[in-house]
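Accompanying notes for the structure given below.
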Amino acid sequence: MHYITPDLCDAYPEQVQVVEPMFSNFGGHDSFGGEIVTIKCFEDNSIVKEQVDQPGKGKVMVVDGGGSLRRALLGDMLAEKAAKNGWEGIVIYGCVRDVDVLAQTDLGIQALASHPMKTDKRGIGDLNVTVTFGGVTFRPGEFVYADNNGIIVSPVALQMPE
């Protein structure tokens, strides 16, 4: 499904919250959306690594990496696994790496920046907890939509207007 966030904002102004503009597209899909699955972690992508192996059809992984610009929470291998398992997209409040490969991956990816250094794997992080960044609270089971215009969140699934 192709989403246009300005059209969704126009059609559902009372439903949506807009994330502060700080994210860039890195994935092969510039538009994506779905049910929110959250991860809270800091410079440790162990939980991200576990989740990309899970079925993700209709879901978007929202990763609160604390805004760290010191380590990449997603690279080409994890992105490929996420795409293979049907994830619609990944939003990372942090960094990614292998950006040339990510741009060719069948997955929507938005993040703050790129960084070449991988994370440590210490098994630290939380799955499906409420996270807040960019002026918006992301709750597991709610919905997120993203495109080149920005990222929006809604408590209910939205349909593109005719």
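So you can find residues: chains in the structure tokens are A, B, ... in the order shown, residues in each start at 1, and ligands are numbered from 1 in order.
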Checklist line | Test item: residues at most 9 Å from Pro6 (chain A), only C-alpha atoms, excluding those fewer than 4 positions along its chain, as a PyMOL selection string | finding: chain A and resi 10-11+149-150
(Q) Neighbouring residues of Ile151 (chain A) were defined as those with any atom within 9 Å, considering only C-alpha atoms; residues of the same chain fewer than 5 positions away were excluded. Please report them as a list in words. (A)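 Here the answer would be Thr5, Gln17, Val18, Val19, Glu20, Pro21, Phe23, Val91, Gln110, Val144, Tyr145 and Ala146 of chain A.
Residue nearest Gly66 (chain A), chosen from A:Cys41, A:Leu112, A:Val153, A:Cys9 and counting only C-alpha atoms: A:Cys41.
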So that I can check the surroundings of Val62 (chain A), please list as a list in words every protein, DNA and RNA residue that reaches within 8 Å of it, counting only C-alpha atoms and ignoring chain neighbours fewer than 6 positions away. Ile36, Val37, Thr38, Ile39, Ile90, Val91, Ile92 and Phe138 of chain A
Could you save those same residues with C-alpha atoms as a JSON list (two decimals), in the first residue's frame?
[["chain", "number", "residue", "atom", "x", "y", "z"],
["A", 36, "ILE", "CA", 3.25, -0.46, 15.73],
["A", 37, "VAL", "CA", 5.64, -2.91, 17.42],
["A", 38, "THR", "CA", 8.00, -1.00, 19.73],
["A", 39, "ILE", "CA", 11.54, -1.60, 20.91],
["A", 90, "ILE", "CA", 11.22, 0.29, 10.51],
["A", 91, "VAL", "CA", 11.40, 3.72, 12.16],
["A", 92, "ILE", "CA", 14.60, 4.22, 14.15],
["A", 138, "PHE", "CA", 4.11, 5.42, 20.11]]
From a backbone DSSP assignment, name each residue in chain A labelled strand (DSSP E), as a PyMOL selection string.
chain A and resi 17-18+24-25+32-40+59-64+72-74+89-96+108-114+126-127+131-133+136-138+143-147+150-154
Rank nothing, just name the residue among A:Val99, A:Met1, A:Val16, A:Val63 nearest to Ile152 (chain A), using only C-alpha atoms.
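Comparing A:Val99, A:Met1, A:Val16, A:Val63 against Ile152 (chain A), the winner is A:Val16.
Omitting region 121-133 of chain A and its sequence neighbours fewer than 2 positions away, and counting only C-alpha atoms, the residues within 7 Å are Val37, Thr38, Ile39, Lys40, Cys41, Asp44, Asn45, Ser46, Ile47, Asp64, Thr119, Gly135, Val136, Thr137, Phe138, Arg139 and Pro140 of chain A.
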If you count only C-alpha atoms, the residue of A:Ile109, A:Val48, A:Val96, A:Ile4 closest to Ala72 (chain A) turns out to be A:Val96
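Taking CA of Glu43 (chain A) as the reference point, CA of His115 (chain A) is found at 11.7 Å.
Residues within 8 Å of Ala157 (chain A), counting only C-alpha atoms and excluding same-chain residues fewer than 6 positions away, are Gly34, Glu35, Glu142 and Phe143 of chain A.
With only C-alpha atoms taken into account, the protein and nucleic acid residues at most 6 Å from Gly94 (chain A) (excluding it and anything under 6 positions from it in its own chain) are Gly65, Gly67, Ser68, Ala111 and Leu112 of chain A.
Interatomic distance, CA of Asp98 (chain A) to CA of Met61 (chain A): 18.6 Å.
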